[in-house]
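S.K.: Handing you this structure, nothing more for now.
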Amino acid sequence: MFLGLTVLSKGSGVFSPIRRLSCSVNQPHVPVMADEVVSYLSPVRGQTLLDMTFGAGGHTKRLLDAVPDHDVTIFCLDRDPVAHSLAQEMAKKYSGKLIPLFGKFSEVPELLMAHGVHFNSFDGILFDFGCSSMQFDVAGRGFAVSKNSFLDMRMNQNSDTPTAADILANAEENELYKIFKVYGEEKKSKQIARAIIEARYCLKKIQTTQDLGNLVCSATGSDYYEDKLQRQVHRATKVFQALRIFVNDELNEIDFGMVIADKYLKVGGTLVTLSFHSLEDTIVKRHIRGNILESSANPLPLKYVSSSLCLKAEDISDIFRSNWKMLSKHVILPSPTEIEQNPRSRSAKLRAAVKIQ
């Protein structure tokens with residue numbers, strides 16, 4: 001446990017954070033797989049939708065424009081103050097059809113209650129997990145290894161939660177190892193964690209993205225590695241991802257967000273998710289398949305569930321019954337044309353499902 005944040009292992013039964021940061025209002029942002037999102041949600045007059053990750057508003061605008069006279073109501077959530085400001089500005093153009101909400105997934109029930117919204121109220125819910133382009137492109141946030149700045153990494157910089165620099169300065173070696181291994185899937189997590197501890201002994205502070213990037217390269221003996229497509233990736237990329245996920249508690253927030261989607265969608269309503277790495281997609285997939293125990297995504301496939309769970313057949317059926325029907329047999333990937341036009345879409349995975357009970 002570090003500063004109130006739990007370091008979770010894959011076998012803990014719960015996955016941890018969430019999603020997005022602030023950016024320059026003038027920074028361009030291209031919504032990923034926007035055509036597919038609109039197609040699966042298929043908004044019509046009079047419907048009410050919930051965009052759980054507003055960002056720069058690209059998906060929300062496409063959904064509003066897909067309905068004549070913008071006759072659809074969209075509640076849009078974001079934890080980033082800048083994104084929330086963008087939502088407030090956009091709301092002025094749509095005559096009450098766009099309702100901005102400021103907060104995390106775990107705060108949604110309280111936020112919706114303030115607007116008189118109850119369970120089974122939405123015709124469609126959209127998630128676009130991860131960080132948006134505009135957030136990575138802003139140096140002051142500390143998310144990108146390519147832009148030197150203070151290691152903040154908080155999606156809401158106005159909060160009093162620890163920064164990435166705080167984590168690196170105070171977490172124990174074993175905690176750092178777990179963060180890098182679980183959230184970053186970094187193969188050299190032990191060497192990197194040890195190097196960070198040794199830097200403390202030398203009274204060297206790791207406070208900037210450049211400090212961390214240089215240390216990781218030194219600890220691993222390389223500046224880059226090749227991904228599955230033989231592209232060069234900076235050696236510290238996975239460490240940056242792990243710290244961002246931990247600082248913002250992203251995976252636990254996604255897990256909670258999926259529970260919220262189940263509660264607030266109408267029967268027959270559509271859920272669309274966009275994920276950008278395997279940890280996000282795994283949580284979504286297991287919720288949709290009903291692979292959950294006590295409202296938490298089960299970290300193992302059903303065939304590996306402990307044999308000590310001596311349950312009757314009807315009990316197992318109740319636990320693992322899915323409330324969802326997938327709208328496509330396989331996960332949807334961006335087209336080659338979209339990847340060429342928007343390279344940051346290359347790792348996106350879209351899943352769409354209808355709530356059936």
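Ligands are numbered from 1 in the order shown, chains are lettered A, B, ... in the order of the structure tokens, and residues start at 1 in each chain.
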Using DSSP on the backbone, list every residue of stretch 112-258 of chain A that comes out as strand (DSSP E or B), and give them as a ChimeraX atom specification.

M.R.: /A:122-128,150,208,224-226,232-234

S.K.: Set the distance at 6 Å and use only C-alpha atoms: which residues neighbour stretch 230-239 of chain A once local chain neighbours fewer than 5 positions away are removed? I'd like the list as a list of chain:residue names.

M.R.: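 The contact residues come out as A:Phe180, A:Gly184, A:Gly213, A:Val216, A:Asp223, A:Tyr224, A:Tyr225.
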
S.K.: Store the residues of this selection in a file with all heavy atoms, as a PDB file, in the first residue's frame.

M.R.:
ATOM      1  N   PHE A 180       5.420  -1.686 -12.321  1.00  0.00           N
ATOM      2  CA  PHE A 180       5.967  -1.811 -13.675  1.00  0.00           C
ATOM      3  C   PHE A 180       5.598  -3.158 -14.302  1.00  0.00           C
ATOM      4  O   PHE A 180       5.316  -3.230 -15.502  1.00  0.00           O
ATOM      5  CB  PHE A 180       7.483  -1.648 -13.653  1.00  0.00           C
ATOM      6  CG  PHE A 180       7.969  -0.344 -13.066  1.00  0.00           C
ATOM      7  CD1 PHE A 180       9.187  -0.262 -12.402  1.00  0.00           C
ATOM      8  CD2 PHE A 180       7.195   0.804 -13.163  1.00  0.00           C
ATOM      9  CE1 PHE A 180       9.632   0.931 -11.864  1.00  0.00           C
ATOM     10  CE2 PHE A 180       7.629   2.010 -12.624  1.00  0.00           C
ATOM     11  CZ  PHE A 180       8.851   2.070 -11.968  1.00  0.00           C
ATOM     12  N   GLY A 184       2.563  -2.206 -16.586  1.00  0.00           N
ATOM     13  CA  GLY A 184       3.331  -1.923 -17.791  1.00  0.00           C
ATOM     14  C   GLY A 184       3.735  -3.175 -18.540  1.00  0.00           C
ATOM     15  O   GLY A 184       4.216  -3.087 -19.661  1.00  0.00           O
ATOM     16  N   GLY A 213      13.297   8.744 -18.184  1.00  0.00           N
ATOM     17  CA  GLY A 213      13.655   8.111 -19.445  1.00  0.00           C
ATOM     18  C   GLY A 213      15.118   7.711 -19.479  1.00  0.00           C
ATOM     19  O   GLY A 213      15.460   6.587 -19.878  1.00  0.00           O
ATOM     20  N   VAL A 216      15.791   4.682 -17.089  1.00  0.00           N
ATOM     21  CA  VAL A 216      15.317   3.399 -17.617  1.00  0.00           C
ATOM     22  C   VAL A 216      16.260   2.888 -18.702  1.00  0.00           C
ATOM     23  O   VAL A 216      16.606   1.702 -18.743  1.00  0.00           O
ATOM     24  CB  VAL A 216      13.880   3.524 -18.169  1.00  0.00           C
ATOM     25  CG1 VAL A 216      13.476   2.255 -18.916  1.00  0.00           C
ATOM     26  CG2 VAL A 216      12.902   3.806 -17.035  1.00  0.00           C
ATOM     27  N   ASP A 223      18.181   2.086 -25.565  1.00  0.00           N
ATOM     28  CA  ASP A 223      17.333   3.266 -25.680  1.00  0.00           C
ATOM     29  C   ASP A 223      15.975   2.950 -26.295  1.00  0.00           C
ATOM     30  O   ASP A 223      15.005   3.666 -26.070  1.00  0.00           O
ATOM     31  CB  ASP A 223      18.021   4.336 -26.537  1.00  0.00           C
ATOM     32  CG  ASP A 223      19.252   4.910 -25.852  1.00  0.00           C
ATOM     33  OD1 ASP A 223      19.363   4.775 -24.618  1.00  0.00           O
ATOM     34  OD2 ASP A 223      20.103   5.483 -26.556  1.00  0.00           O
ATOM     35  N   TYR A 224      15.918   1.879 -27.093  1.00  0.00           N
ATOM     36  CA  TYR A 224      14.680   1.525 -27.785  1.00  0.00           C
ATOM     37  C   TYR A 224      14.515   0.006 -27.817  1.00  0.00           C
ATOM     38  O   TYR A 224      15.463  -0.751 -27.601  1.00  0.00           O
ATOM     39  CB  TYR A 224      14.692   2.053 -29.228  1.00  0.00           C
ATOM     40  CG  TYR A 224      14.743   3.559 -29.324  1.00  0.00           C
ATOM     41  CD1 TYR A 224      15.962   4.233 -29.404  1.00  0.00           C
ATOM     42  CD2 TYR A 224      13.559   4.309 -29.322  1.00  0.00           C
ATOM     43  CE1 TYR A 224      16.012   5.617 -29.476  1.00  0.00           C
ATOM     44  CE2 TYR A 224      13.606   5.691 -29.396  1.00  0.00           C
ATOM     45  CZ  TYR A 224      14.824   6.335 -29.472  1.00  0.00           C
ATOM     46  OH  TYR A 224      14.874   7.707 -29.532  1.00  0.00           O
ATOM     47  N   TYR A 225      13.283  -0.424 -28.059  1.00  0.00           N
ATOM     48  CA  TYR A 225      13.017  -1.827 -28.354  1.00  0.00           C
ATOM     49  C   TYR A 225      12.036  -1.859 -29.520  1.00  0.00           C
ATOM     50  O   TYR A 225      11.419  -0.849 -29.854  1.00  0.00           O
ATOM     51  CB  TYR A 225      12.435  -2.558 -27.135  1.00  0.00           C
ATOM     52  CG  TYR A 225      11.038  -2.130 -26.729  1.00  0.00           C
ATOM     53  CD1 TYR A 225       9.909  -2.767 -27.254  1.00  0.00           C
ATOM     54  CD2 TYR A 225      10.838  -1.092 -25.821  1.00  0.00           C
ATOM     55  CE1 TYR A 225       8.625  -2.381 -26.885  1.00  0.00           C
ATOM     56  CE2 TYR A 225       9.561  -0.702 -25.449  1.00  0.00           C
ATOM     57  CZ  TYR A 225       8.462  -1.351 -25.984  1.00  0.00           C
ATOM     58  OH  TYR A 225       7.195  -0.957 -25.618  1.00  0.00           O
TER      59      TYR A 225
END

S.K.: What's the 10 Å shell around A:Arg45, counting only C-alpha atoms, without same-chain residues fewer than 5 positions away, as a PyMOL selection string?

M.R.: chain A and resi 66-73

S.K.: Of the candidates A:Val44, A:Ala242, A:Ala352, A:Leu49, which shows the shortest atom-to-atom distance to A:Asn120, using only C-alpha atoms?

M.R.: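 Checking each of A:Val44, A:Ala242, A:Ala352, A:Leu49 against A:Asn120, counting only C-alpha atoms, the winner is A:Leu49.
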
S.K.: Could you pull out the alpha helix (DSSP H) residues of stretch 30-102 of chain A from DSSP and send them as JSON, numbers by chain?

M.R.: {"A": [34, 35, 36, 37, 38, 39, 40, 41, 58, 59, 60, 61, 62, 63, 64, 65, 81, 82, 83, 84, 85, 86, 87, 88, 89, 90, 91]}

S.K.: Using only C-alpha atoms, please write the residues we just selected to a file, as an mmCIF file, in the first residue's frame.

M.R.:
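Ended up saving to selection_5.cif:
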data_model
loop_
_atom_site.group_PDB
_atom_site.id
_atom_site.type_symbol
_atom_site.label_atom_id
_atom_site.label_comp_id
_atom_site.auth_asym_id
_atom_site.auth_seq_id
_atom_site.Cartn_x
_atom_site.Cartn_y
_atom_site.Cartn_z
ATOM 1 C CA ALA A 34 -15.919 7.514 -35.049
ATOM 2 C CA ASP A 35 -17.897 5.985 -37.939
ATOM 3 C CA GLU A 36 -18.072 2.639 -36.160
ATOM 4 C CA VAL A 37 -19.092 4.278 -32.873
ATOM 5 C CA VAL A 38 -21.978 6.127 -34.528
ATOM 6 C CA SER A 39 -23.004 3.007 -36.445
ATOM 7 C CA TYR A 40 -23.202 0.777 -33.366
ATOM 8 C CA LEU A 41 -24.905 3.345 -31.118
ATOM 9 C CA GLY A 58 -15.041 14.292 -31.137
ATOM 10 C CA HIS A 59 -17.330 11.308 -30.587
ATOM 11 C CA THR A 60 -19.988 13.383 -28.832
ATOM 12 C CA LYS A 61 -20.148 15.870 -31.714
ATOM 13 C CA ARG A 62 -20.477 13.070 -34.260
ATOM 14 C CA LEU A 63 -23.342 11.522 -32.291
ATOM 15 C CA LEU A 64 -25.180 14.849 -31.967
ATOM 16 C CA ASP A 65 -24.735 15.611 -35.657
ATOM 17 C CA PRO A 81 -10.645 20.109 -16.025
ATOM 18 C CA VAL A 82 -9.613 21.239 -19.520
ATOM 19 C CA ALA A 83 -11.786 18.596 -21.193
ATOM 20 C CA HIS A 84 -14.667 19.618 -18.937
ATOM 21 C CA SER A 85 -14.190 23.228 -20.022
ATOM 22 C CA LEU A 86 -14.339 22.110 -23.653
ATOM 23 C CA ALA A 87 -17.588 20.287 -22.900
ATOM 24 C CA GLN A 88 -19.067 23.400 -21.298
ATOM 25 C CA GLU A 89 -18.158 25.455 -24.367
ATOM 26 C CA MET A 90 -19.649 22.870 -26.717
ATOM 27 C CA ALA A 91 -22.812 22.693 -24.605
#

S.K.: Of the residues A:Phe102, A:Phe256, A:Phe129, A:Phe75, which is the one nearest to A:Ala348, using only C-alpha atoms?

M.R.: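 Of all the options, A:Phe129 lies closest to A:Ala348.
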
S.K.: So which one's closest to A:Asp211, A:Pro336, A:Gly257, A:Gly142, A:Gly116? Using only C-alpha atoms, please.

M.R.: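 With only C-alpha atoms as the atom set, the closest residue is A:Gly142.
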
S.K.: Excluding A:Ser121 and residues on its chain fewer than 2 positions from it, collect all residues at most 6 Å away from it, counting only C-alpha atoms, and give them as JSON, numbers by chain.

M.R.: {"A": [119, 264, 265, 266]}

S.K.: Would you write out those residues with C-alpha atoms, as a PDB file, in the first residue's frame?

M.R.:
ATOM      1  CA  PHE A 119     -30.872   3.206 -13.262  1.00  0.00           C
ATOM      2  CA  TYR A 264     -27.682   2.643 -16.136  1.00  0.00           C
ATOM      3  CA  LEU A 265     -28.322   1.180 -19.593  1.00  0.00           C
ATOM      4  CA  LYS A 266     -31.888   0.289 -20.528  1.00  0.00           C
TER       5      LYS A 266
END

S.K.: Identify, on the basis of only C-alpha atoms, every residue whose closest approach to A:Asp78 does not exceed 12 Å; exclude the query and any residue fewer than 3 positions from it along the same chain; express the result as a VMD selection string.

M.R.: chain A and resid 18 to 22 50 to 57 75 81 to 88 99 to 108 111 127 to 132 155 to 156

S.K.: List the neighbours of A:Lys205 out to 12 Å using only C-alpha atoms; skip same-chain residues closer than 4 positions along the sequence, and give me the result as a PyMOL selection string.

M.R.: chain A and resi 150-151+165-170+196-201+209-212+215

S.K.: Atoms to include: N, CA, C and O atoms. Write the selected residues as a short mmCIF file (atom, residue, chain, number, x, y, z; two decimals), in the first residue's frame.

M.R.:
data_model
loop_
_atom_site.label_atom_id
_atom_site.label_comp_id
_atom_site.auth_asym_id
_atom_site.auth_seq_id
_atom_site.Cartn_x
_atom_site.Cartn_y
_atom_site.Cartn_z
N PHE A 150 7.82 18.08 -15.79
CA PHE A 150 7.68 17.48 -14.46
C PHE A 150 6.85 16.22 -14.55
O PHE A 150 5.86 16.15 -15.30
N LEU A 151 7.20 15.20 -13.79
CA LEU A 151 6.49 13.91 -13.79
C LEU A 151 5.22 14.01 -12.95
O LEU A 151 5.16 13.55 -11.82
N ALA A 165 6.10 11.58 -9.74
CA ALA A 165 7.36 11.89 -9.04
C ALA A 165 7.27 11.49 -7.58
O ALA A 165 8.25 10.99 -6.99
N ASP A 166 6.11 11.69 -6.95
CA ASP A 166 5.91 11.27 -5.56
C ASP A 166 6.06 9.75 -5.42
O ASP A 166 6.67 9.27 -4.46
N ILE A 167 5.47 9.02 -6.36
CA ILE A 167 5.56 7.57 -6.33
C ILE A 167 7.02 7.12 -6.41
O ILE A 167 7.48 6.28 -5.62
N LEU A 168 7.75 7.69 -7.36
CA LEU A 168 9.15 7.29 -7.55
C LEU A 168 10.02 7.66 -6.36
O LEU A 168 11.03 7.01 -6.09
N ALA A 169 9.63 8.69 -5.62
CA ALA A 169 10.44 9.16 -4.49
C ALA A 169 10.13 8.41 -3.20
O ALA A 169 10.96 8.42 -2.28
N ASN A 170 8.99 7.73 -3.13
CA ASN A 170 8.57 7.17 -1.84
C ASN A 170 8.21 5.68 -1.85
O ASN A 170 8.27 5.04 -0.81
N ILE A 196 16.00 2.76 -9.54
CA ILE A 196 15.32 3.90 -8.91
C ILE A 196 15.72 4.00 -7.44
O ILE A 196 16.01 5.09 -6.93
N ILE A 197 15.76 2.88 -6.75
CA ILE A 197 16.17 2.87 -5.34
C ILE A 197 17.63 3.31 -5.20
O ILE A 197 17.97 4.10 -4.32
N GLU A 198 18.48 2.81 -6.08
CA GLU A 198 19.90 3.20 -6.04
C GLU A 198 20.07 4.69 -6.30
O GLU A 198 20.95 5.34 -5.72
N ALA A 199 19.24 5.26 -7.16
CA ALA A 199 19.31 6.69 -7.43
C ALA A 199 19.01 7.49 -6.17
O ALA A 199 19.61 8.55 -5.93
N ARG A 200 18.08 6.98 -5.35
CA ARG A 200 17.78 7.65 -4.08
C ARG A 200 19.00 7.66 -3.17
O ARG A 200 19.29 8.68 -2.51
N TYR A 201 19.70 6.53 -3.11
CA TYR A 201 20.90 6.45 -2.26
C TYR A 201 21.95 7.46 -2.71
O TYR A 201 22.76 7.94 -1.90
N THR A 209 10.39 13.90 -16.90
CA THR A 209 10.26 12.78 -17.83
C THR A 209 11.63 12.39 -18.38
O THR A 209 11.91 11.21 -18.61
N GLN A 210 12.50 13.38 -18.56
CA GLN A 210 13.85 13.10 -19.06
C GLN A 210 14.65 12.32 -18.02
O GLN A 210 15.38 11.39 -18.37
N ASP A 211 14.53 12.69 -16.75
CA ASP A 211 15.21 11.96 -15.68
C ASP A 211 14.83 10.48 -15.71
O ASP A 211 15.69 9.60 -15.67
N LEU A 212 13.53 10.22 -15.79
CA LEU A 212 13.06 8.84 -15.77
C LEU A 212 13.45 8.09 -17.04
O LEU A 212 13.88 6.94 -16.99
N LEU A 215 17.11 7.17 -16.91
CA LEU A 215 17.38 6.13 -15.92
C LEU A 215 16.96 4.75 -16.45
O LEU A 215 17.69 3.77 -16.28
#

S.K.: Provide the atom CA of A:Gly221 to atom CA of A:Lys188 distance in Å, to one decimal place.

M.R.: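 Interatomic distance, atom CA of A:Gly221 to atom CA of A:Lys188: 10.5 Å.
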
S.K.: Find the residue from A:Ala144, A:Val182, A:Ala171, A:Val284 that sits nearest to A:Val331; use only C-alpha atoms when measuring.

M.R.: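 When distances to A:Val331 are compared using only C-alpha atoms, the smallest one comes from A:Val284.
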